[in-house]
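Shown next: model.cif, containing mmCIF, C-alpha atoms and all ligand atoms.
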data_data
#
loop_
_atom_site.label_atom_id
_atom_site.label_comp_id
_atom_site.auth_asym_id
_atom_site.auth_seq_id
_atom_site.Cartn_x
_atom_site.Cartn_y
_atom_site.Cartn_z
CA MET A 242 47.60 -45.90 11.35
CA GLU A 243 46.18 -42.73 12.89
CA PHE A 244 45.04 -39.41 11.51
CA VAL A 245 45.10 -36.33 13.70
CA LEU A 246 43.02 -33.18 13.30
CA GLU A 247 43.00 -30.15 15.55
CA SER A 248 39.94 -28.04 16.18
CA ASP A 249 39.77 -24.54 17.64
CA SER A 250 36.00 -24.22 17.92
CA SER A 251 32.83 -26.18 18.34
CA LYS A 252 31.88 -25.09 14.82
CA LYS A 253 35.08 -26.56 13.44
CA THR A 254 34.46 -29.87 15.21
CA GLN A 255 31.00 -29.97 13.65
CA GLU A 256 32.54 -29.30 10.23
CA TYR A 257 34.88 -32.24 10.76
CA GLY A 258 31.89 -34.40 11.63
CA LYS A 259 30.06 -33.25 8.54
CA GLU A 260 33.01 -34.03 6.30
CA PHE A 261 33.60 -37.33 8.02
CA SER A 262 30.00 -38.37 7.38
CA LYS A 263 30.86 -38.57 3.67
CA LEU A 264 32.92 -41.68 4.40
CA PHE A 265 29.99 -43.81 5.41
CA LYS A 266 28.82 -46.59 3.12
CA GLY A 267 26.41 -48.18 5.62
CA GLY A 268 27.00 -50.68 8.38
CA GLU A 269 29.78 -48.74 10.10
CA ILE A 270 30.34 -48.51 13.82
CA LEU A 271 31.87 -45.25 14.98
CA LEU A 272 33.30 -45.20 18.52
CA LEU A 273 33.83 -41.83 20.19
CA ASP A 274 36.04 -41.60 23.23
CA GLY A 275 37.48 -38.95 25.50
CA PRO A 276 36.47 -36.91 28.54
CA LEU A 277 33.14 -35.22 29.25
CA GLY A 278 33.01 -32.00 27.30
CA GLY A 279 35.60 -33.30 24.85
CA GLY A 280 33.33 -32.69 21.89
CA LYS A 281 31.87 -36.12 21.12
CA THR A 282 28.25 -34.98 20.90
CA THR A 283 29.31 -31.84 19.06
CA PHE A 284 30.99 -34.05 16.44
CA VAL A 285 27.83 -36.17 16.15
CA LYS A 286 25.81 -33.00 15.42
CA GLY A 287 28.08 -32.39 12.44
CA VAL A 288 27.86 -36.00 11.29
CA MET A 289 24.07 -35.88 11.39
CA ALA A 290 23.96 -32.59 9.51
CA GLY A 291 26.16 -34.24 6.88
CA LEU A 292 23.73 -37.15 6.66
CA GLY A 293 20.86 -34.79 5.99
CA TYR A 294 19.23 -35.06 9.40
CA SER A 295 17.67 -31.83 10.57
CA GLY A 296 16.26 -32.90 13.94
CA ARG A 297 17.79 -32.34 17.33
CA VAL A 298 20.87 -34.27 18.33
CA LEU A 299 21.41 -34.64 22.06
CA SER A 300 23.60 -37.03 23.94
CA PRO A 301 21.42 -40.00 24.94
CA SER A 302 23.09 -40.30 28.31
CA PHE A 303 19.90 -41.23 30.16
CA THR A 304 18.05 -43.15 27.46
CA ILE A 305 21.31 -44.89 26.39
CA SER A 306 20.34 -44.80 22.72
CA ARG A 307 18.37 -42.73 20.22
CA LEU A 308 17.47 -43.56 16.65
CA TYR A 309 17.68 -40.89 13.95
CA LYS A 310 16.09 -41.52 10.57
CA ALA A 311 18.51 -39.82 8.22
CA GLU A 312 18.25 -39.69 4.42
CA LYS A 313 20.10 -42.89 3.58
CA TYR A 314 20.59 -44.55 6.94
CA ASP A 315 19.09 -45.15 10.31
CA VAL A 316 21.61 -43.83 12.78
CA CYS A 317 21.72 -45.27 16.26
CA HIS A 318 23.34 -42.76 18.64
CA VAL A 319 24.43 -44.47 21.82
CA ASP A 320 25.98 -43.17 25.04
CA LEU A 321 27.58 -45.85 27.19
CA TYR A 322 28.69 -43.50 29.97
CA ARG A 323 26.37 -45.13 32.50
CA LEU A 324 26.83 -48.74 31.41
CA GLU A 325 29.35 -51.37 32.42
CA ALA A 326 30.93 -53.17 29.47
CA GLY A 327 29.30 -56.46 30.54
CA ASP A 328 25.78 -54.99 30.49
CA ILE A 329 25.83 -53.41 27.05
CA PHE A 330 24.44 -56.25 24.96
CA ASP A 331 21.57 -56.80 27.44
CA THR A 332 20.13 -53.51 26.20
CA GLY A 333 19.63 -54.85 22.67
CA ILE A 334 22.35 -52.59 21.29
CA GLY A 335 24.25 -54.39 18.59
CA ALA A 336 21.45 -56.57 17.24
CA ASP A 337 21.86 -54.80 13.90
CA PHE A 338 25.59 -54.11 13.97
CA TYR A 339 27.00 -54.11 10.39
CA ASP A 340 23.50 -53.85 8.86
CA LYS A 341 24.06 -51.84 5.65
CA ASN A 342 21.12 -49.56 6.42
CA VAL A 343 22.33 -48.71 9.89
CA ILE A 344 25.19 -46.66 11.29
CA TYR A 345 26.10 -46.80 14.94
CA ILE A 346 27.71 -43.84 16.66
CA ILE A 347 28.71 -44.75 20.18
CA GLU A 348 29.95 -42.28 22.80
CA TRP A 349 32.25 -43.93 25.36
CA GLY A 350 32.56 -46.64 22.70
CA GLN A 351 35.88 -47.92 23.99
CA LYS A 352 33.89 -50.10 26.39
CA LEU A 353 32.77 -52.10 23.36
CA LYS A 354 35.96 -52.17 21.34
CA GLU A 355 37.09 -55.64 22.43
CA GLU A 356 33.84 -57.07 21.09
CA LEU A 357 34.12 -55.55 17.62
CA SER A 358 35.95 -56.78 14.57
CA GLU A 359 35.24 -53.63 12.57
CA TYR A 360 35.11 -50.10 13.89
CA ILE A 361 36.29 -46.56 13.39
CA GLU A 362 37.38 -44.72 16.51
CA VAL A 363 37.76 -41.02 17.19
CA LYS A 364 39.50 -39.95 20.38
CA PHE A 365 38.92 -36.45 21.68
CA GLU A 366 41.45 -34.64 23.88
CA PHE A 367 41.45 -31.19 25.45
CA LEU A 368 44.22 -28.90 24.25
CA GLY A 369 42.64 -25.74 25.71
CA GLU A 370 39.25 -24.25 26.45
CA GLU A 371 38.24 -24.19 22.80
CA ASN A 372 40.92 -26.45 21.41
CA ARG A 373 40.61 -30.15 20.88
CA ARG A 374 42.65 -32.88 19.24
CA LEU A 375 40.75 -35.54 17.32
CA THR A 376 42.63 -38.76 16.60
CA PHE A 377 41.08 -41.12 14.06
CA SER A 378 41.99 -44.79 13.96
CA MET A 379 40.25 -47.91 12.70
CA SER A 380 40.33 -51.64 12.33
CA ASP A 381 42.36 -52.99 9.38
CA PHE A 382 39.35 -53.75 7.24
CA CYS A 383 37.91 -50.26 7.72
CA LEU A 384 41.26 -48.77 6.86
CA LYS A 385 41.39 -50.70 3.58
CA LYS A 386 37.83 -49.76 2.82
CA PHE A 387 38.31 -46.08 3.58
CA SER A 388 41.95 -45.18 3.01
CA ARG A 389 41.38 -43.46 -0.34
CA LEU A 390 38.35 -41.59 0.99
CA ILE A 391 40.11 -40.60 4.18
CA LYS A 392 42.87 -39.01 2.15
CA LYS A 393 40.30 -37.15 0.10
CA VAL A 394 37.97 -36.16 2.91
CA LEU A 395 40.30 -35.50 5.81
CA VAL A 396 43.95 -35.48 4.89
CA SER A 397 43.95 -33.30 1.80
CA ARG A 398 41.64 -30.63 3.21
CA HIS A 399 43.24 -30.03 6.56
CA LYS A 400 46.67 -29.98 8.06
CA THR A 401 46.69 -33.57 9.21
CA ARG A 402 49.32 -35.67 10.82
CA SER A 403 49.23 -39.38 10.19
CA LYS A 404 51.38 -41.88 11.96
CA LYS A 405 51.77 -45.63 11.97
N1 LIG A 501 36.83 -27.20 19.59
C1 LIG A 501 35.72 -27.65 20.20
N2 LIG A 501 35.15 -28.78 19.77
C2 LIG A 501 34.05 -29.27 20.39
N3 LIG A 501 33.42 -28.68 21.43
C3 LIG A 501 33.95 -27.52 21.89
C4 LIG A 501 35.12 -26.96 21.29
N4 LIG A 501 35.43 -25.83 21.95
C5 LIG A 501 34.50 -25.68 22.90
N5 LIG A 501 33.61 -26.70 22.88
C6 LIG A 501 32.48 -26.86 23.82
O1 LIG A 501 32.75 -28.02 24.59
C7 LIG A 501 31.53 -28.71 24.85
C8 LIG A 501 31.60 -30.11 24.25
O2 LIG A 501 30.48 -30.80 24.70
P1 LIG A 501 30.00 -32.16 24.09
O3 LIG A 501 30.14 -32.15 22.61
O4 LIG A 501 28.66 -32.45 24.67
O5 LIG A 501 31.11 -33.16 24.69
P2 LIG A 501 31.01 -34.71 25.06
O6 LIG A 501 29.91 -35.31 24.25
O7 LIG A 501 32.38 -35.23 24.68
O8 LIG A 501 30.79 -34.78 26.54
C9 LIG A 501 30.41 -27.90 24.21
O9 LIG A 501 29.88 -27.06 25.20
C10 LIG A 501 31.15 -27.11 23.15
O10 LIG A 501 30.51 -25.90 22.82
MG MG A 502 28.21 -36.50 24.83
#
Can you dump the structure from the file as structure tokens?
Ligand SMILES: Nc1ncnc2c1ncn2[C@@H]1O[C@H](COP(=O)(O)OP(=O)(O)O)[C@@H](O)[C@H]1O
Ligand SMILES: [Mg+2]
Amino acid sequence: MEFVLESDSSKKTQEYGKEFSKLFKGGEILLLDGPLGGGKTTFVKGVMAGLGYSGRVLSPSFTISRLYKAEKYDVCHVDLYRLEAGDIFDTGIGADFYDKNVIYIIEWGQKLKEELSEYIEVKFEFLGEENRRLTFSMSDFCLKKFSRLIKKVLVSRHKTRSKK
């Protein structure tokens, strides 16, 4: 099952992130995939605003990960652009996966997907200079956990396509 949203501005993508942040219950792993400039970090800015974090949000492409202390959760923002799939766990990332106080948001997260039983994934695609398509999918358990909320948060508020 997939949900598709289209964005025509960076502001809109941040709004989607902000709305999406209302889904979190703690312990989630959010994987963000798609090309450089696709809008992954922009989406994270919106998510963090939604979680009540007012500090700076930058892609941790050199440091690999950054920890944000948000109101309810610690958010670990990871960028795997420079890492090979096999090297990821050597960095210590994942030691607190599924911890209810922690949310992981992982750019280039596809590299980790095979290792995860539970995840939510957002794929970003270019449709034009300012236009992007965001496709949301998730593991079965996450879908069960979130389906009612997804309808409320994403589907009912925007023109959304969903497909099996
Ligand atoms: N609809 C849009 N959604 C997200 N970013 C957009 C959009 N339109 C233009 N942009 C621009 O594209 C760039 C996206 O960069 P960024 O979020 O860092 O991407 P990524 O993390 O995927 O490499 C930013 O400069 C942003 O202002
Ligand atoms: Mg980025």
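The residue set within 8 Å of Glu247 (chain A), counting all atoms listed in the file and dropping same-chain residues fewer than 5 places from it, reads Asn372, Arg373, Arg374 and Leu375 of chain A.
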task = Figure out the distance between CA of Glu256 (chain A) and CA of Tyr339 (chain A), please, to one decimal in Å.
result =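 Going from CA of Tyr339 (chain A) over to CA of Glu256 (chain A), I get 25.4 Å.
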Point-to-point distance from CA of Ser250 (chain A) to CA of Arg297 (chain A), Å rounded to tenths =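 Distance reported for this atom pair: 19.9 Å.
Here CA of Ser302 (chain A) is placed at a distance of 7.8 Å from CA of Val319 (chain A).
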Closest-contact table, chain A side, partner ligand LIG 501 (chain A), 10 Å, counting all atoms listed in the file, as a tab-separated table:
residue	atom	partner	partner_atom	distance
A:Glu247	CA	A:LIG501	N1	7.9
A:Ser248	CA	A:LIG501	N1	4.7
A:Asp249	CA	A:LIG501	N1	4.4
A:Ser250	CA	A:LIG501	N1	3.5
A:Ser251	CA	A:LIG501	C1	3.7
A:Lys252	CA	A:LIG501	N2	7.0
A:Lys253	CA	A:LIG501	N1	6.4
A:Thr254	CA	A:LIG501	N2	4.7
A:Gln255	CA	A:LIG501	C2	7.4
A:Glu256	CA	A:LIG501	N2	9.9
A:Tyr257	CA	A:LIG501	N2	9.7
A:Leu273	CA	A:LIG501	O7	8.1
A:Asp274	CA	A:LIG501	O7	7.5
A:Gly275	CA	A:LIG501	O7	6.4
A:Pro276	CA	A:LIG501	O7	5.9
A:Leu277	CA	A:LIG501	O8	3.6
A:Gly278	CA	A:LIG501	O5	3.4
A:Gly279	CA	A:LIG501	O7	3.8
A:Gly280	CA	A:LIG501	O3	3.3
A:Lys281	CA	A:LIG501	O7	3.7
A:Thr282	CA	A:LIG501	O6	3.8
A:Thr283	CA	A:LIG501	O3	3.7
A:Phe284	CA	A:LIG501	O3	6.5
A:Val285	CA	A:LIG501	O3	8.0
A:Lys286	CA	A:LIG501	O3	8.4
A:Leu299	CA	A:LIG501	O4	8.0
A:Ser300	CA	A:LIG501	O6	6.5
A:Pro301	CA	A:LIG501	O6	9.7
A:Ser302	CA	A:LIG501	O6	9.4
A:Asp320	CA	A:LIG501	O6	8.8
A:Tyr322	CA	A:LIG501	O8	9.6
A:Glu348	CA	A:LIG501	O6	7.1
A:Trp349	CA	A:LIG501	O7	8.7
A:Lys364	CA	A:LIG501	O7	9.6
A:Phe365	CA	A:LIG501	O7	7.3
A:Glu366	CA	A:LIG501	O7	9.1
A:Phe367	CA	A:LIG501	N1	8.5
A:Leu368	CA	A:LIG501	N1	8.9
A:Gly369	CA	A:LIG501	N4	8.1
A:Glu370	CA	A:LIG501	C5	6.1
A:Glu371	CA	A:LIG501	N4	3.4
A:Asn372	CA	A:LIG501	N1	4.5
A:Arg373	CA	A:LIG501	N1	5.0
A:Arg374	CA	A:LIG501	N1	8.1
A:Leu375	CA	A:LIG501	N2	9.1
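Among the candidate residues A:Asp381, A:Glu243, A:Glu260, A:Asp315, the one lying nearest to Arg398 (chain A) is A:Glu260, with distances computed using all atoms listed in the file.
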message = Residues within 12 Å of Lys385 (chain A), please, as a ChimeraX atom specification. Count all atoms listed in the file; anything in the same chain fewer than 5 positions from it doesn't count.
response = /A:242,359,361,378-380,390-392
task = Identify which of the residues A:Lys404, A:Lys393, A:Lys263, A:Lys352 lies closest to Gly327 (chain A), counting only C-alpha atoms when measuring atom-to-atom distances.
result = A:Lys352
request  = Counting only C-alpha atoms, select every polymer residue within 12 Å of (18.2, -43.2, 13.8) as defined in the file's coordinates, and provide the selection as a ChimeraX atom specification.
outcome  = /A:289,292-298,306-319,342-346
task = Would you mind telling me which residue in A:Lys259, A:Arg323, A:Arg402, A:Lys266 lies nearest to ligand MG 502 (chain A) when using all atoms listed in the file?
result =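 Using all atoms listed in the file, the shortest distance to ligand MG 502 (chain A) belongs to A:Arg323.
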Would you compute the box with edges along x, y and z of the file around region 313-323 of chain A, including every atom the file lists for it and 4 Å extra on each side, and give its centre and edge lengths in Å to one decimal, as AutoDock Vina command-line options?
--center_x 23.9 --center_y -44.3 --center_z 18.0 --size_x 17.6 --size_y 11.1 --size_z 36.9
C-alpha atoms of region 305-381 of chain A from block above, as an mmCIF file, in the first residue's frame:
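Contents of decode.cif, as written:
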data_model
loop_
_atom_site.group_PDB
_atom_site.id
_atom_site.type_symbol
_atom_site.label_atom_id
_atom_site.label_comp_id
_atom_site.auth_asym_id
_atom_site.auth_seq_id
_atom_site.Cartn_x
_atom_site.Cartn_y
_atom_site.Cartn_z
ATOM 1 C CA ILE A 305 26.674 10.828 9.466
ATOM 2 C CA SER A 306 24.279 11.467 12.351
ATOM 3 C CA ARG A 307 22.967 14.271 14.559
ATOM 4 C CA LEU A 308 20.814 14.035 17.645
ATOM 5 C CA TYR A 309 17.988 16.508 18.204
ATOM 6 C CA LYS A 310 16.332 16.732 21.600
ATOM 7 C CA ALA A 311 12.722 17.410 20.691
ATOM 8 C CA GLU A 312 9.819 17.810 23.123
ATOM 9 C CA LYS A 313 8.775 14.177 23.408
ATOM 10 C CA TYR A 314 11.523 12.310 21.603
ATOM 11 C CA ASP A 315 15.182 12.216 20.860
ATOM 12 C CA VAL A 316 15.446 12.296 17.103
ATOM 13 C CA CYS A 317 18.454 10.772 15.422
ATOM 14 C CA HIS A 318 18.899 12.311 11.954
ATOM 15 C CA VAL A 319 21.175 10.162 9.842
ATOM 16 C CA ASP A 320 22.584 10.587 6.333
ATOM 17 C CA LEU A 321 23.958 7.388 4.814
ATOM 18 C CA TYR A 322 25.050 8.966 1.530
ATOM 19 C CA ARG A 323 28.719 8.298 2.228
ATOM 20 C CA LEU A 324 28.353 4.867 3.811
ATOM 21 C CA GLU A 325 28.275 1.401 2.297
ATOM 22 C CA ALA A 326 25.413 -0.756 3.564
ATOM 23 C CA GLY A 327 27.878 -3.147 5.231
ATOM 24 C CA ASP A 328 29.527 -0.385 7.287
ATOM 25 C CA ILE A 329 26.429 1.187 8.770
ATOM 26 C CA PHE A 330 26.148 -0.749 12.020
ATOM 27 C CA ASP A 331 29.871 -0.208 12.773
ATOM 28 C CA THR A 332 29.004 3.432 13.414
ATOM 29 C CA GLY A 333 26.759 2.569 16.367
ATOM 30 C CA ILE A 334 23.645 3.604 14.470
ATOM 31 C CA GLY A 335 20.793 1.307 15.352
ATOM 32 C CA ALA A 336 21.765 0.510 18.934
ATOM 33 C CA ASP A 337 18.502 2.116 20.040
ATOM 34 C CA PHE A 338 16.293 1.242 17.082
ATOM 35 C CA TYR A 339 12.647 0.829 18.234
ATOM 36 C CA ASP A 340 13.357 2.541 21.573
ATOM 37 C CA LYS A 341 10.062 4.307 22.408
ATOM 38 C CA ASN A 342 11.860 7.533 23.271
ATOM 39 C CA VAL A 343 13.757 7.673 20.016
ATOM 40 C CA ILE A 344 12.821 8.330 16.407
ATOM 41 C CA TYR A 345 15.243 7.674 13.597
ATOM 42 C CA ILE A 346 15.073 9.657 10.385
ATOM 43 C CA ILE A 347 17.502 8.259 7.850
ATOM 44 C CA GLU A 348 18.362 9.900 4.527
ATOM 45 C CA TRP A 349 19.443 7.353 1.900
ATOM 46 C CA GLY A 350 17.722 4.865 4.216
ATOM 47 C CA GLN A 351 17.133 2.300 1.498
ATOM 48 C CA LYS A 352 20.632 1.002 2.232
ATOM 49 C CA LEU A 353 19.279 -0.240 5.558
ATOM 50 C CA LYS A 354 15.876 -1.493 4.509
ATOM 51 C CA GLU A 355 16.830 -5.168 4.240
ATOM 52 C CA GLU A 356 17.909 -5.105 7.885
ATOM 53 C CA LEU A 357 14.669 -3.677 9.245
ATOM 54 C CA SER A 358 11.462 -5.404 10.202
ATOM 55 C CA GLU A 359 9.606 -2.144 10.829
ATOM 56 C CA TYR A 360 9.986 1.080 8.902
ATOM 57 C CA ILE A 361 8.176 3.856 7.128
ATOM 58 C CA GLU A 362 9.659 4.969 3.827
ATOM 59 C CA VAL A 363 9.199 8.162 1.865
ATOM 60 C CA LYS A 364 10.534 8.296 -1.684
ATOM 61 C CA PHE A 365 11.162 11.675 -3.261
ATOM 62 C CA GLU A 366 11.095 12.212 -7.028
ATOM 63 C CA PHE A 367 11.614 15.296 -9.173
ATOM 64 C CA LEU A 368 8.607 16.328 -11.232
ATOM 65 C CA GLY A 369 10.006 19.783 -12.069
ATOM 66 C CA GLU A 370 12.202 22.476 -10.599
ATOM 67 C CA GLU A 371 9.852 23.098 -7.689
ATOM 68 C CA ASN A 372 7.700 20.022 -7.994
ATOM 69 C CA ARG A 373 8.235 16.787 -6.178
ATOM 70 C CA ARG A 374 6.347 13.546 -5.711
ATOM 71 C CA LEU A 375 6.454 11.963 -2.260
ATOM 72 C CA THR A 376 5.487 8.298 -2.064
ATOM 73 C CA PHE A 377 4.850 6.874 1.405
ATOM 74 C CA SER A 378 5.026 3.159 2.077
ATOM 75 C CA MET A 379 5.664 1.064 5.163
ATOM 76 C CA SER A 380 6.112 -2.366 6.628
ATOM 77 C CA ASP A 381 2.897 -4.283 7.417
#
